[in-house]
$ cat start-v4.pdb   # PDB, C-alpha atoms, pLDDT in the B column
ATOM      1  CA  MET A  11      78.679 150.421  87.489  1.00 51.00           C
ATOM      2  CA  ALA A  12      79.932 149.969  91.083  1.00 51.00           C
ATOM      3  CA  TYR A  13      79.158 146.227  91.243  1.00 50.00           C
ATOM      4  CA  PRO A  14      81.885 144.995  88.838  1.00 51.00           C
ATOM      5  CA  LYS A  15      84.597 146.872  90.815  1.00 48.00           C
ATOM      6  CA  ILE A  16      83.488 145.322  94.123  1.00 45.00           C
ATOM      7  CA  PHE A  17      83.468 141.843  92.568  1.00 42.00           C
ATOM      8  CA  THR A  18      86.984 142.282  91.140  1.00 44.00           C
ATOM      9  CA  SER A  19      88.450 143.414  94.474  1.00 42.00           C
ATOM     10  CA  PHE A  20      86.870 140.458  96.291  1.00 40.00           C
ATOM     11  CA  PHE A  21      88.280 137.974  93.771  1.00 39.00           C
ATOM     12  CA  VAL A  22      91.842 139.342  94.048  1.00 44.00           C
ATOM     13  CA  LEU A  23      91.724 139.188  97.862  1.00 42.00           C
ATOM     14  CA  ILE A  24      90.746 135.514  97.864  1.00 43.00           C
ATOM     15  CA  LEU A  25      93.458 134.656  95.326  1.00 42.00           C
ATOM     16  CA  ILE A  26      96.215 136.265  97.429  1.00 44.00           C
ATOM     17  CA  VAL A  27      95.154 134.408 100.592  1.00 45.00           C
ATOM     18  CA  HIS A  28      95.142 131.136  98.662  1.00 44.00           C
ATOM     19  CA  ILE A  29      98.735 131.618  97.493  1.00 44.00           C
ATOM     20  CA  LYS A  30      99.975 132.402 101.011  1.00 38.00           C
ATOM     21  CA  CYS A  31      98.632 129.087 102.284  1.00 47.00           C
ATOM     22  CA  TYR A  32     100.968 127.193  99.930  1.00 46.00           C
ATOM     23  CA  THR A  33     104.060 129.324 100.403  1.00 50.00           C
ATOM     24  CA  ALA A  34     104.096 129.214 104.230  1.00 62.00           C
ATOM     25  CA  GLU A  35     106.824 127.000 105.752  1.00 76.00           C
ATOM     26  CA  MET A  36     105.255 124.035 107.517  1.00 86.00           C
ATOM     27  CA  LYS A  37     106.669 122.420 110.644  1.00 90.00           C
ATOM     28  CA  ARG A  38     107.967 118.864 110.572  1.00 90.00           C
ATOM     29  CA  ASN A  39     104.948 117.299 112.255  1.00 92.00           C
ATOM     30  CA  GLN A  40     102.574 119.256 110.013  1.00 94.00           C
ATOM     31  CA  VAL A  41     104.330 117.959 106.899  1.00 96.00           C
ATOM     32  CA  ILE A  42     104.127 114.368 108.128  1.00 95.00           C
ATOM     33  CA  SER A  43     100.423 114.726 108.959  1.00 94.00           C
ATOM     34  CA  GLU A  44      99.746 116.212 105.526  1.00 95.00           C
ATOM     35  CA  LEU A  45     101.597 113.395 103.758  1.00 96.00           C
ATOM     36  CA  ILE A  46      99.731 110.724 105.722  1.00 95.00           C
ATOM     37  CA  LYS A  47      96.373 112.372 105.041  1.00 94.00           C
ATOM     38  CA  ASN A  48      96.904 112.377 101.268  1.00 92.00           C
ATOM     39  CA  HIS A  49      98.712 109.052 100.915  1.00 95.00           C
ATOM     40  CA  ASP A  50      97.207 105.714  99.834  1.00 96.00           C
ATOM     41  CA  ARG A  51      99.381 103.044 101.431  1.00 95.00           C
ATOM     42  CA  PHE A  52      97.570 100.248  99.613  1.00 95.00           C
ATOM     43  CA  VAL A  53      98.670 101.332  96.121  1.00 93.00           C
ATOM     44  CA  SER A  54     102.212 101.362  94.720  1.00 95.00           C
ATOM     45  CA  PRO A  55     103.586 104.795  93.704  1.00 96.00           C
ATOM     46  CA  ASP A  56     103.338 104.349  89.924  1.00 94.00           C
ATOM     47  CA  TYR A  57     100.419 101.908  89.786  1.00 89.00           C
ATOM     48  CA  GLU A  58      98.394 104.065  87.380  1.00 89.00           C
ATOM     49  CA  GLU A  59     101.374 104.781  85.107  1.00 89.00           C
ATOM     50  CA  ASP A  60     102.875 102.841  82.200  1.00 85.00           C
ATOM     51  CA  PHE A  61     106.109 102.130  84.053  1.00 90.00           C
ATOM     52  CA  PRO A  62     107.004 100.212  87.228  1.00 93.00           C
ATOM     53  CA  THR A  63     108.190 101.484  90.580  1.00 96.00           C
ATOM     54  CA  VAL A  64     111.902 100.643  90.673  1.00 95.00           C
ATOM     55  CA  VAL A  65     113.076  99.418  94.082  1.00 96.00           C
ATOM     56  CA  SER A  66     116.831  99.293  94.720  1.00 95.00           C
ATOM     57  CA  VAL A  67     117.865  96.648  97.254  1.00 94.00           C
ATOM     58  CA  GLN A  68     120.907  96.314  99.493  1.00 94.00           C
ATOM     59  CA  LEU A  69     121.695  93.564 102.004  1.00 93.00           C
ATOM     60  CA  TYR A  70     123.865  93.930 105.066  1.00 94.00           C
ATOM     61  CA  VAL A  71     124.630  90.507 106.550  1.00 92.00           C
ATOM     62  CA  SER A  72     125.408  91.072 110.215  1.00 93.00           C
ATOM     63  CA  SER A  73     125.731  87.399 111.208  1.00 90.00           C
ATOM     64  CA  VAL A  74     125.625  83.860 109.835  1.00 89.00           C
ATOM     65  CA  ASP A  75     124.244  81.927 112.768  1.00 88.00           C
ATOM     66  CA  THR A  76     124.095  78.311 111.565  1.00 86.00           C
ATOM     67  CA  VAL A  77     124.755  76.151 108.511  1.00 85.00           C
ATOM     68  CA  SER A  78     123.040  72.754 108.768  1.00 85.00           C
ATOM     69  CA  GLU A  79     123.964  69.957 106.347  1.00 82.00           C
ATOM     70  CA  GLN A  80     121.385  67.648 107.920  1.00 85.00           C
ATOM     71  CA  ASN A  81     118.445  70.030 107.376  1.00 91.00           C
ATOM     72  CA  MET A  82     119.955  71.647 104.275  1.00 88.00           C
ATOM     73  CA  GLU A  83     119.432  75.168 105.579  1.00 91.00           C
ATOM     74  CA  TYR A  84     121.290  78.146 106.959  1.00 90.00           C
ATOM     75  CA  SER A  85     120.329  80.981 109.299  1.00 92.00           C
ATOM     76  CA  VAL A  86     121.334  84.629 109.028  1.00 92.00           C
ATOM     77  CA  THR A  87     120.575  88.009 110.549  1.00 95.00           C
ATOM     78  CA  ILE A  88     120.402  90.818 108.001  1.00 95.00           C
ATOM     79  CA  LEU A  89     119.526  94.442 107.464  1.00 97.00           C
ATOM     80  CA  LEU A  90     117.297  94.649 104.399  1.00 97.00           C
ATOM     81  CA  ARG A  91     117.521  98.111 102.839  1.00 97.00           C
ATOM     82  CA  GLN A  92     115.254  99.346 100.047  1.00 97.00           C
ATOM     83  CA  LEU A  93     115.209 102.618  98.121  1.00 98.00           C
ATOM     84  CA  TRP A  94     112.521 103.925  95.738  1.00 98.00           C
ATOM     85  CA  HIS A  95     110.798 107.108  94.576  1.00 98.00           C
ATOM     86  CA  ASP A  96     107.205 107.964  95.495  1.00 98.00           C
ATOM     87  CA  PRO A  97     106.075 111.236  93.832  1.00 97.00           C
ATOM     88  CA  ARG A  98     103.098 111.371  96.196  1.00 97.00           C
ATOM     89  CA  LEU A  99     105.523 112.066  99.065  1.00 98.00           C
ATOM     90  CA  ASN A 100     107.248 115.050  97.449  1.00 97.00           C
ATOM     91  CA  TYR A 101     106.983 117.871 100.007  1.00 96.00           C
ATOM     92  CA  THR A 102     109.174 120.567  98.380  1.00 95.00           C
ATOM     93  CA  ARG A 103     106.226 122.990  98.367  1.00 92.00           C
ATOM     94  CA  MET A 104     105.575 122.469 102.063  1.00 94.00           C
ATOM     95  CA  SER A 105     108.992 122.641 103.698  1.00 93.00           C
ATOM     96  CA  SER A 106     112.728 123.068 103.152  1.00 92.00           C
ATOM     97  CA  LEU A 107     113.542 120.151 105.475  1.00 94.00           C
ATOM     98  CA  SER A 108     115.997 117.799 103.763  1.00 95.00           C
ATOM     99  CA  ARG A 109     114.341 114.628 105.076  1.00 96.00           C
ATOM    100  CA  LEU A 110     111.733 113.270 107.463  1.00 97.00           C
ATOM    101  CA  GLU A 111     112.488 110.425 109.869  1.00 95.00           C
ATOM    102  CA  MET A 112     109.538 108.186 110.646  1.00 93.00           C
ATOM    103  CA  ASP A 113     109.059 106.495 113.991  1.00 86.00           C
ATOM    104  CA  SER A 114     108.314 102.770 113.653  1.00 88.00           C
ATOM    105  CA  SER A 115     104.715 103.410 114.741  1.00 89.00           C
ATOM    106  CA  ARG A 116     104.149 105.663 111.708  1.00 94.00           C
ATOM    107  CA  ILE A 117     105.660 103.446 109.026  1.00 96.00           C
ATOM    108  CA  ASN A 118     102.418 101.529 108.491  1.00 95.00           C
ATOM    109  CA  ASN A 119     100.848 104.732 107.154  1.00 96.00           C
ATOM    110  CA  PHE A 120     103.023 104.527 104.036  1.00 98.00           C
ATOM    111  CA  TRP A 121     103.366 102.135 101.122  1.00 97.00           C
ATOM    112  CA  VAL A 122     106.410  99.854 101.298  1.00 97.00           C
ATOM    113  CA  PRO A 123     107.388  97.040  98.899  1.00 96.00           C
ATOM    114  CA  ASP A 124     106.005  93.577  99.651  1.00 94.00           C
ATOM    115  CA  LEU A 125     109.361  91.853  99.268  1.00 94.00           C
ATOM    116  CA  PHE A 126     109.566  88.264 100.496  1.00 92.00           C
ATOM    117  CA  PHE A 127     112.194  85.513 100.511  1.00 92.00           C
ATOM    118  CA  SER A 128     110.986  82.649  98.351  1.00 88.00           C
ATOM    119  CA  ASN A 129     113.407  80.101  99.855  1.00 91.00           C
ATOM    120  CA  GLU A 130     112.604  81.085 103.444  1.00 94.00           C
ATOM    121  CA  LYS A 131     111.717  78.358 105.934  1.00 95.00           C
ATOM    122  CA  LYS A 132     111.079  80.702 108.835  1.00 96.00           C
ATOM    123  CA  GLY A 133     111.764  84.291 109.717  1.00 96.00           C
ATOM    124  CA  SER A 134     111.303  86.819 112.482  1.00 96.00           C
ATOM    125  CA  PHE A 135     111.335  90.572 113.016  1.00 94.00           C
ATOM    126  CA  HIS A 136     113.387  92.199 115.762  1.00 96.00           C
ATOM    127  CA  ASP A 137     111.403  94.360 118.176  1.00 93.00           C
ATOM    128  CA  VAL A 138     113.687  94.986 121.179  1.00 92.00           C
ATOM    129  CA  THR A 139     113.246  97.598 122.471  1.00 92.00           C
ATOM    130  CA  LYS A 140     110.965  98.732 119.635  1.00 93.00           C
ATOM    131  CA  PRO A 141     110.446  97.311 116.129  1.00 94.00           C
ATOM    132  CA  ASN A 142     113.776  97.554 114.296  1.00 96.00           C
ATOM    133  CA  ARG A 143     112.459  99.477 111.299  1.00 96.00           C
ATOM    134  CA  MET A 144     113.410 102.834 109.832  1.00 96.00           C
ATOM    135  CA  LEU A 145     111.792 104.945 107.112  1.00 98.00           C
ATOM    136  CA  LEU A 146     113.283 108.153 105.704  1.00 98.00           C
ATOM    137  CA  ILE A 147     111.398 110.410 103.287  1.00 98.00           C
ATOM    138  CA  TYR A 148     113.394 112.985 101.325  1.00 98.00           C
ATOM    139  CA  ARG A 149     112.038 116.249  99.882  1.00 96.00           C
ATOM    140  CA  ASN A 150     111.773 114.962  96.306  1.00 97.00           C
ATOM    141  CA  GLY A 151     109.814 111.862  97.359  1.00 98.00           C
ATOM    142  CA  THR A 152     112.737 109.439  97.574  1.00 98.00           C
ATOM    143  CA  VAL A 153     112.086 106.843 100.291  1.00 99.00           C
ATOM    144  CA  PHE A 154     114.648 104.759 102.199  1.00 98.00           C
ATOM    145  CA  TYR A 155     113.390 101.779 104.214  1.00 98.00           C
ATOM    146  CA  SER A 156     115.503  99.540 106.444  1.00 97.00           C
ATOM    147  CA  ILE A 157     114.412  96.545 108.497  1.00 97.00           C
ATOM    148  CA  ARG A 158     116.282  93.983 110.633  1.00 97.00           C
ATOM    149  CA  LEU A 159     115.398  90.320 110.100  1.00 97.00           C
ATOM    150  CA  SER A 160     116.493  86.861 111.200  1.00 97.00           C
ATOM    151  CA  LEU A 161     115.921  84.192 108.545  1.00 96.00           C
ATOM    152  CA  THR A 162     116.315  80.469 108.088  1.00 96.00           C
ATOM    153  CA  LEU A 163     116.660  79.704 104.378  1.00 94.00           C
ATOM    154  CA  SER A 164     116.725  76.438 102.478  1.00 92.00           C
ATOM    155  CA  CYS A 165     119.989  75.500 100.793  1.00 89.00           C
ATOM    156  CA  TYR A 166     120.319  72.383  98.656  1.00 85.00           C
ATOM    157  CA  MET A 167     123.727  70.925  99.472  1.00 78.00           C
ATOM    158  CA  ARG A 168     125.769  68.442  97.494  1.00 73.00           C
ATOM    159  CA  LEU A 169     127.539  66.277 100.044  1.00 63.00           C
ATOM    160  CA  GLU A 170     129.476  63.870  97.798  1.00 60.00           C
ATOM    161  CA  ARG A 171     132.782  65.378  98.913  1.00 59.00           C
ATOM    162  CA  TYR A 172     131.785  65.849 102.583  1.00 60.00           C
ATOM    163  CA  PRO A 173     133.535  66.980 104.729  1.00 60.00           C
ATOM    164  CA  MET A 174     135.756  68.667 102.090  1.00 56.00           C
ATOM    165  CA  ASP A 175     132.771  70.142 100.292  1.00 59.00           C
ATOM    166  CA  ASP A 176     132.093  73.588  98.851  1.00 72.00           C
ATOM    167  CA  GLN A 177     128.435  74.632  99.173  1.00 74.00           C
ATOM    168  CA  ILE A 178     126.520  77.419  97.451  1.00 80.00           C
ATOM    169  CA  CYS A 179     123.554  78.866  99.375  1.00 84.00           C
ATOM    170  CA  SER A 180     121.148  81.386  97.917  1.00 85.00           C
ATOM    171  CA  MET A 181     118.883  84.123  99.224  1.00 88.00           C
ATOM    172  CA  VAL A 182     116.054  84.779  96.765  1.00 87.00           C
ATOM    173  CA  MET A 183     113.878  87.899  97.034  1.00 89.00           C
ATOM    174  CA  GLU A 184     110.864  88.984  95.002  1.00 88.00           C
ATOM    175  CA  SER A 185     107.541  90.809  95.190  1.00 89.00           C
ATOM    176  CA  TYR A 186     104.593  88.681  96.293  1.00 88.00           C
ATOM    177  CA  SER A 187     101.683  90.750  94.928  1.00 88.00           C
ATOM    178  CA  TYR A 188     103.131  92.711  92.015  1.00 88.00           C
ATOM    179  CA  SER A 189     104.477  91.628  88.648  1.00 85.00           C
ATOM    180  CA  ALA A 190     107.516  93.322  87.111  1.00 85.00           C
ATOM    181  CA  GLU A 191     105.144  95.681  85.281  1.00 87.00           C
ATOM    182  CA  ASN A 192     104.309  97.359  88.603  1.00 91.00           C
ATOM    183  CA  VAL A 193     107.268  96.750  90.935  1.00 92.00           C
ATOM    184  CA  PHE A 194     110.771  96.107  89.608  1.00 91.00           C
ATOM    185  CA  PHE A 195     113.484  94.986  92.036  1.00 91.00           C
ATOM    186  CA  LYS A 196     117.150  95.573  91.296  1.00 91.00           C
ATOM    187  CA  TRP A 197     120.371  95.684  93.272  1.00 92.00           C
ATOM    188  CA  ILE A 198     121.503  99.139  94.364  1.00 93.00           C
ATOM    189  CA  GLU A 199     124.041 100.646  91.966  1.00 92.00           C
ATOM    190  CA  THR A 200     125.509 103.527  93.984  1.00 90.00           C
ATOM    191  CA  GLN A 201     126.904 101.251  96.713  1.00 91.00           C
ATOM    192  CA  LYS A 202     127.887  97.609  97.190  1.00 91.00           C
ATOM    193  CA  PRO A 203     124.679  95.554  96.800  1.00 91.00           C
ATOM    194  CA  VAL A 204     125.747  93.020  99.430  1.00 90.00           C
ATOM    195  CA  VAL A 205     127.839  93.881 102.477  1.00 90.00           C
ATOM    196  CA  VAL A 206     129.010  91.161 104.864  1.00 88.00           C
ATOM    197  CA  ASP A 207     130.243  92.013 108.339  1.00 89.00           C
ATOM    198  CA  ARG A 208     133.960  91.274 108.492  1.00 85.00           C
ATOM    199  CA  SER A 209     133.720  89.900 112.020  1.00 86.00           C
ATOM    200  CA  ILE A 210     131.598  86.900 110.945  1.00 83.00           C
ATOM    201  CA  GLU A 211     133.193  83.573 111.896  1.00 77.00           C
ATOM    202  CA  MET A 212     131.808  80.037 111.680  1.00 74.00           C
ATOM    203  CA  PRO A 213     133.377  76.987 113.345  1.00 70.00           C
ATOM    204  CA  GLN A 214     132.950  74.610 110.393  1.00 73.00           C
ATOM    205  CA  TYR A 215     132.679  76.857 107.338  1.00 71.00           C
ATOM    206  CA  THR A 216     134.452  79.791 105.770  1.00 72.00           C
ATOM    207  CA  LEU A 217     132.690  82.296 103.552  1.00 76.00           C
ATOM    208  CA  LYS A 218     134.549  82.000 100.267  1.00 74.00           C
ATOM    209  CA  LYS A 219     132.753  84.561  98.085  1.00 76.00           C
ATOM    210  CA  TYR A 220     129.342  86.032  97.307  1.00 78.00           C
ATOM    211  CA  HIS A 221     127.667  87.665  94.338  1.00 78.00           C
ATOM    212  CA  ALA A 222     124.347  89.275  93.392  1.00 82.00           C
ATOM    213  CA  THR A 223     122.282  88.697  90.241  1.00 82.00           C
ATOM    214  CA  VAL A 224     118.817  89.584  88.925  1.00 79.00           C
ATOM    215  CA  CYS A 225     116.569  86.970  87.297  1.00 78.00           C
ATOM    216  CA  LYS A 226     113.062  86.688  85.859  1.00 74.00           C
ATOM    217  CA  LYS A 227     110.351  84.181  86.675  1.00 69.00           C
ATOM    218  CA  ASP A 228     106.905  83.746  85.092  1.00 68.00           C
ATOM    219  CA  TYR A 229     104.188  82.295  87.343  1.00 61.00           C
ATOM    220  CA  GLY A 230     101.485  82.553  84.666  1.00 54.00           C
ATOM    221  CA  GLU A 231      99.875  85.716  86.050  1.00 47.00           C
ATOM    222  CA  GLY A 232     102.800  87.930  85.034  1.00 47.00           C
ATOM    223  CA  GLU A 233     106.553  88.101  84.985  1.00 51.00           C
ATOM    224  CA  HIS A 234     108.283  88.654  88.321  1.00 52.00           C
ATOM    225  CA  ILE A 235     111.748  90.052  88.883  1.00 52.00           C
ATOM    226  CA  TYR A 236     113.692  88.488  91.694  1.00 51.00           C
ATOM    227  CA  SER A 237     117.052  89.300  93.207  1.00 52.00           C
ATOM    228  CA  PHE A 238     119.385  86.417  93.818  1.00 52.00           C
ATOM    229  CA  ASN A 239     122.251  86.480  96.286  1.00 56.00           C
ATOM    230  CA  ALA A 240     124.552  83.465  96.282  1.00 54.00           C
ATOM    231  CA  ASP A 241     127.005  82.766  99.088  1.00 54.00           C
ATOM    232  CA  SER A 242     129.691  80.119  98.732  1.00 54.00           C
ATOM    233  CA  TYR A 243     130.845  78.320 101.874  1.00 48.00           C
ATOM    234  CA  ILE A 244     133.825  76.010 102.035  1.00 43.00           C
ATOM    235  CA  SER A 245     134.217  73.462 104.832  1.00 41.00           C
ATOM    236  CA  THR A 246     137.035  73.974 107.293  1.00 35.00           C
ATOM    237  CA  TYR A 247     137.171  70.428 108.628  1.00 35.00           C
ATOM    238  CA  ILE A 248     140.652  68.916 108.974  1.00 26.00           C
TER     239      ILE A 248
END
$ encode --input "start-v4.pdb" --output "structure tokens"
Amino acid sequence: MAYPKIFTSFFVLILIVHIKCYTAEMKRNQVISELIKNHDRFVSPDYEEDFPTVVSVQLYVSSVDTVSEQNMEYSVTILLRQLWHDPRLNYTRMSSLSRLEMDSSRINNFWVPDLFFSNEKKGSFHDVTKPNRMLLIYRNGTVFYSIRLSLTLSCYMRLERYPMDDQICSMVMESYSYSAENVFFKWIETQKPVVVDRSIEMPQYTLKKYHATVCKKDYGEGEHIYSFNADSYISTYI
């Protein structure tokens, strides 16, 4: 009759130790290491679900560097900001920290959207003094990702009224690998979707207005959602 009592006591002891492991407050670096260890950066957050990962996008245009009528292109420097939810990165059971800030060297350990600019001619990252990238992970799994880019984008210009012309240039963004069933891009709703630095000045053009829209495109392998930002420039020739 003694054996069942010994077995019961042993089982209760193991159960209590197991619970303590989950309730202990983890340090910041421990939380990050745990998230990286259990995270698959090659798969989108909701890939196995019946709904897409919604990515909210915001653009901050810090400079308009050139507008070329001859090459029908324009160059800009922007901050591309993206916000989404990844339930795999929820760390509420590990720590009470409000957010985790990732160094640029750690960002590659996490999934980020594969957004690209479909009317891009050339582009470059900024890496002085380190790569200009930032990733914030909040307790509930919300992720904020910001990156600084310089882009040259194609812009079809109608020059019939040159030099008194009014041109509309676009910036088109979409996912390269995922259809809208897996990754859905939209403009951020809690803030202005497009912010243009007020100090921007161009010798030959004036920024007249800008607006943001969302469109759909079907390439045959699935419907893609793309975000469309149109900037209108009016010549300032006299």
$ resolve_selection --input "start-v4.pdb" --expression "the PyMOL selection byres ((chain A and resi 79) around 10)" --output "MDAnalysis selection string"
chainID A and resid 76:78 80:84 165:169 172 177
$ atom_distance --input "start-v4.pdb" --atom1 "CA of Pro97 in chain A" --atom2 "CA of Phe126 in chain A"
24.2 Å
$ atom_distance --input "start-v4.pdb" --atom1 "CA of Cys179 in chain A" --atom2 "CA of Tyr215 in chain A"
12.3 Å
$ closest_residue --input "start-v4.pdb" --among "A:Val224, A:Val65, A:Ile46, A:Val41" --to "Phe195 in chain A" --atoms "only C-alpha atoms"
A:Val65
$ residues_around --input "start-v4.pdb" --residues "Pro203 in chain A" --least-positions-apart "5" --cutoff "8 Å" --atoms "all atoms listed in the file" --output "VMD selection string"
chain A and resid 67 to 69 197 to 198 222
$ residues_around --input "start-v4.pdb" --residues "Arg143 in chain A" --least-positions-apart "5" --cutoff "12 Å" --atoms "only C-alpha atoms" --output "PyMOL selection string"
chain A and resi 89-92+111-118+122+135-138+154-159
$ write_last_selection --input "start-v4.pdb" --atoms "C-alpha atoms" --output "JSON list (two decimals), keeping the file's coordinate frame"
[["chain", "number", "residue", "atom", "x", "y", "z"],
["A", 89, "LEU", "CA", 119.53, 94.44, 107.46],
["A", 90, "LEU", "CA", 117.30, 94.65, 104.40],
["A", 91, "ARG", "CA", 117.52, 98.11, 102.84],
["A", 92, "GLN", "CA", 115.25, 99.35, 100.05],
["A", 111, "GLU", "CA", 112.49, 110.42, 109.87],
["A", 112, "MET", "CA", 109.54, 108.19, 110.65],
["A", 113, "ASP", "CA", 109.06, 106.50, 113.99],
["A", 114, "SER", "CA", 108.31, 102.77, 113.65],
["A", 115, "SER", "CA", 104.72, 103.41, 114.74],
["A", 116, "ARG", "CA", 104.15, 105.66, 111.71],
["A", 117, "ILE", "CA", 105.66, 103.45, 109.03],
["A", 118, "ASN", "CA", 102.42, 101.53, 108.49],
["A", 122, "VAL", "CA", 106.41, 99.85, 101.30],
["A", 135, "PHE", "CA", 111.34, 90.57, 113.02],
["A", 136, "HIS", "CA", 113.39, 92.20, 115.76],
["A", 137, "ASP", "CA", 111.40, 94.36, 118.18],
["A", 138, "VAL", "CA", 113.69, 94.99, 121.18],
["A", 154, "PHE", "CA", 114.65, 104.76, 102.20],
["A", 155, "TYR", "CA", 113.39, 101.78, 104.21],
["A", 156, "SER", "CA", 115.50, 99.54, 106.44],
["A", 157, "ILE", "CA", 114.41, 96.54, 108.50],
["A", 158, "ARG", "CA", 116.28, 93.98, 110.63],
["A", 159, "LEU", "CA", 115.40, 90.32, 110.10]]
$ closest_residue --input "start-v4.pdb" --among "A:Ser72, A:Ser43, A:Thr102, A:Thr63" --to "Arg149 in chain A" --atoms "all atoms listed in the file"
A:Thr102
$ residues_around --input "start-v4.pdb" --residues "Asn192 in chain A" --least-positions-apart "6" --cutoff "7 Å" --atoms "all atoms listed in the file" --output "short mmCIF file (atom, residue, chain, number, x, y, z; two decimals) with C-alpha atoms, keeping the file's coordinate frame"
data_model
loop_
_atom_site.label_atom_id
_atom_site.label_comp_id
_atom_site.auth_asym_id
_atom_site.auth_seq_id
_atom_site.Cartn_x
_atom_site.Cartn_y
_atom_site.Cartn_z
CA TYR A 57 100.42 101.91 89.79
CA PHE A 61 106.11 102.13 84.05
CA PRO A 62 107.00 100.21 87.23
CA THR A 63 108.19 101.48 90.58
#
$ decode --input "start-v4.pdb" --residues "range 137-159 of chain A" --atoms "C-alpha atoms" --output "PDB file, in the first residue's frame"
ATOM      1  CA  ASP A 137      24.335  51.249 -44.009  1.00  0.00           C
ATOM      2  CA  VAL A 138      26.299  54.170 -42.515  1.00  0.00           C
ATOM      3  CA  THR A 139      27.344  53.630 -39.814  1.00  0.00           C
ATOM      4  CA  LYS A 140      25.326  50.405 -39.566  1.00  0.00           C
ATOM      5  CA  PRO A 141      22.394  49.129 -41.652  1.00  0.00           C
ATOM      6  CA  ASN A 142      19.533  51.609 -41.235  1.00  0.00           C
ATOM      7  CA  ARG A 143      16.947  49.070 -40.102  1.00  0.00           C
ATOM      8  CA  MET A 144      14.858  48.821 -36.956  1.00  0.00           C
ATOM      9  CA  LEU A 145      12.609  46.050 -35.638  1.00  0.00           C
ATOM     10  CA  LEU A 146      10.411  46.351 -32.542  1.00  0.00           C
ATOM     11  CA  ILE A 147       8.519  43.395 -31.069  1.00  0.00           C
ATOM     12  CA  TYR A 148       5.708  44.123 -28.611  1.00  0.00           C
ATOM     13  CA  ARG A 149       4.429  41.755 -25.903  1.00  0.00           C
ATOM     14  CA  ASN A 150       1.330  40.667 -27.833  1.00  0.00           C
ATOM     15  CA  GLY A 151       3.340  39.800 -30.958  1.00  0.00           C
ATOM     16  CA  THR A 152       2.847  43.074 -32.828  1.00  0.00           C
ATOM     17  CA  VAL A 153       5.912  43.834 -34.966  1.00  0.00           C
ATOM     18  CA  PHE A 154       7.082  47.226 -36.259  1.00  0.00           C
ATOM     19  CA  TYR A 155       9.741  47.283 -38.988  1.00  0.00           C
ATOM     20  CA  SER A 156      11.380  50.389 -40.443  1.00  0.00           C
ATOM     21  CA  ILE A 157      14.021  50.616 -43.154  1.00  0.00           C
ATOM     22  CA  ARG A 158      15.692  53.532 -44.977  1.00  0.00           C
ATOM     23  CA  LEU A 159      15.927  53.289 -48.767  1.00  0.00           C
TER      24      LEU A 159
END
